[in-house]
Amino acid sequence: MSIILGLTGSIGMGKSTTTGFFRDAGIPVWDADAAVHALYAQGGAAVAPIAALHSPAAIDQGIDRAALRDWIAQDPTALKKIEGIVHPLVAQDRAAFIIRNETAPLVVLDIPLLFEGGGDAVCDATLVVSAPAEIQRQRVLERPGMTEAHFQTILSKQMPDADKRHRATYVIETTSLEQTRADVLALIDRLTGSQNHA
């Protein structure tokens, strides 16, 4: 069985870069956001059940996320209904990925809300990617269309970085690409090496 490493980090902390280093090293990475996108895409498993609940959300290409956001804003019960459909499908996708890669010594689960959603329960260890608050803010505000207000809204929905660091098995700082890559490779060696010697 693979060692399952849950990877998370707040917006702008370098999560995409870090998961890229795991992929470059040949480690299978499951991406929770990509799984949701696939469920919402044309032919995705979430399209028909969500359309049955709220037909304006369905378009030819799948689910219209803007229509979903409008529905959530207008109906306080909408989010729970959507999560009731999407969360079990995401869990199925994650479980199937783990089974497909069960011969790999290490599998990474990239889950933005790992601790908030309880995803850490299926992991053997957890990794938080982090950077100083001023670097995080600078990275996020450089993104197209990002505003300070939107950044603060996103932050308010995420567990504070200090809390994530406290709960994590491992923490990798992402202030330097070279150091981040080296830290990822060292962690892979540590996790897969200890398994080989067990």
# chains A, B, ... in the order shown; residues from 1 in each chain; ligands from 1
call {"tool": "residues_around", "arguments": {"residues": "Ile4 (chain A)", "least_positions_apart": "2", "cutoff": "10 Å", "atoms": "only C-alpha atoms", "output": "PyMOL selection string"}}
result
chain A and resi 1-2+6-7+98+102+104-109+120+122-126+191
call {"tool": "residues_around", "arguments": {"residues": "region 69-82 of chain A", "least_positions_apart": "6", "cutoff": "12 Å", "atoms": "only C-alpha atoms", "output": "MDAnalysis selection string"}}
result
chainID A and resid 36 39:40 46:57 63 88:89
call {"tool": "write_last_selection", "arguments": {"atoms": "C-alpha atoms", "output": "compact mmCIF listing (two decimals), in the first residue's frame"}}
result
# COMPACT_ATOMS: atom_id res chain seq x y z
CA VAL A 36 -14.40 19.00 -9.18
CA LEU A 39 -17.46 16.56 -12.32
CA TYR A 40 -18.84 19.92 -13.52
CA ALA A 46 -22.37 16.02 -11.02
CA VAL A 47 -24.08 17.70 -14.00
CA ALA A 48 -27.39 15.81 -14.06
CA PRO A 49 -28.04 15.79 -10.28
CA ILE A 50 -27.23 19.51 -9.95
CA ALA A 51 -29.34 20.34 -13.02
CA ALA A 52 -32.22 18.44 -11.42
CA LEU A 53 -31.93 20.64 -8.32
CA HIS A 54 -31.37 23.94 -10.11
CA SER A 55 -31.84 23.88 -13.90
CA PRO A 56 -30.36 27.38 -14.56
CA ALA A 57 -26.98 26.01 -13.45
CA ILE A 63 -22.34 23.35 -14.98
CA PRO A 88 -19.38 11.92 -2.28
CA LEU A 89 -18.41 12.02 -5.99
call {"tool": "closest_residue", "arguments": {"among": "A:Phe115, A:Met13, A:Leu5, A:Leu177", "to": "Arg139 (chain A)", "atoms": "only C-alpha atoms"}}
result
A:Met13
call {"tool": "residues_around", "arguments": {"residues": "region 20-23 of chain A", "least_positions_apart": "5", "cutoff": "12 Å", "atoms": "only C-alpha atoms", "output": "ChimeraX atom specification"}}
result
/A:5,7,14-15,28-31,106-110,174,177-189
call {"tool": "closest_residue", "arguments": {"among": "A:Asp163, A:Gln42, A:Gln136, A:Glu116", "to": "Phe151 (chain A)", "atoms": "only C-alpha atoms"}}
result
A:Gln136
call {"tool": "atom_distance", "arguments": {"atom1": "CA of Lys157 (chain A)", "atom2": "CA of Gln92 (chain A)"}}
result
24.7 Å
call {"tool": "select_by_dssp", "arguments": {"residues": "region 72-161 of chain A", "states": "alpha helix (DSSP H)", "output": "PyMOL selection string"}}
result
chain A and resi 72-74+78-100+133-141+148-157+161
call {"tool": "select_by_dssp", "arguments": {"residues": "region 98-192 of chain A", "states": "strand (DSSP E or B)", "output": "VMD selection string"}}
result
chain A and resid 106 to 110 125 to 130 170 to 173
call {"tool": "closest_residue", "arguments": {"among": "A:Ser156, A:Ser130, A:Ser16, A:Asn101", "to": "Ala34 (chain A)", "atoms": "only C-alpha atoms"}}
result
A:Ser16
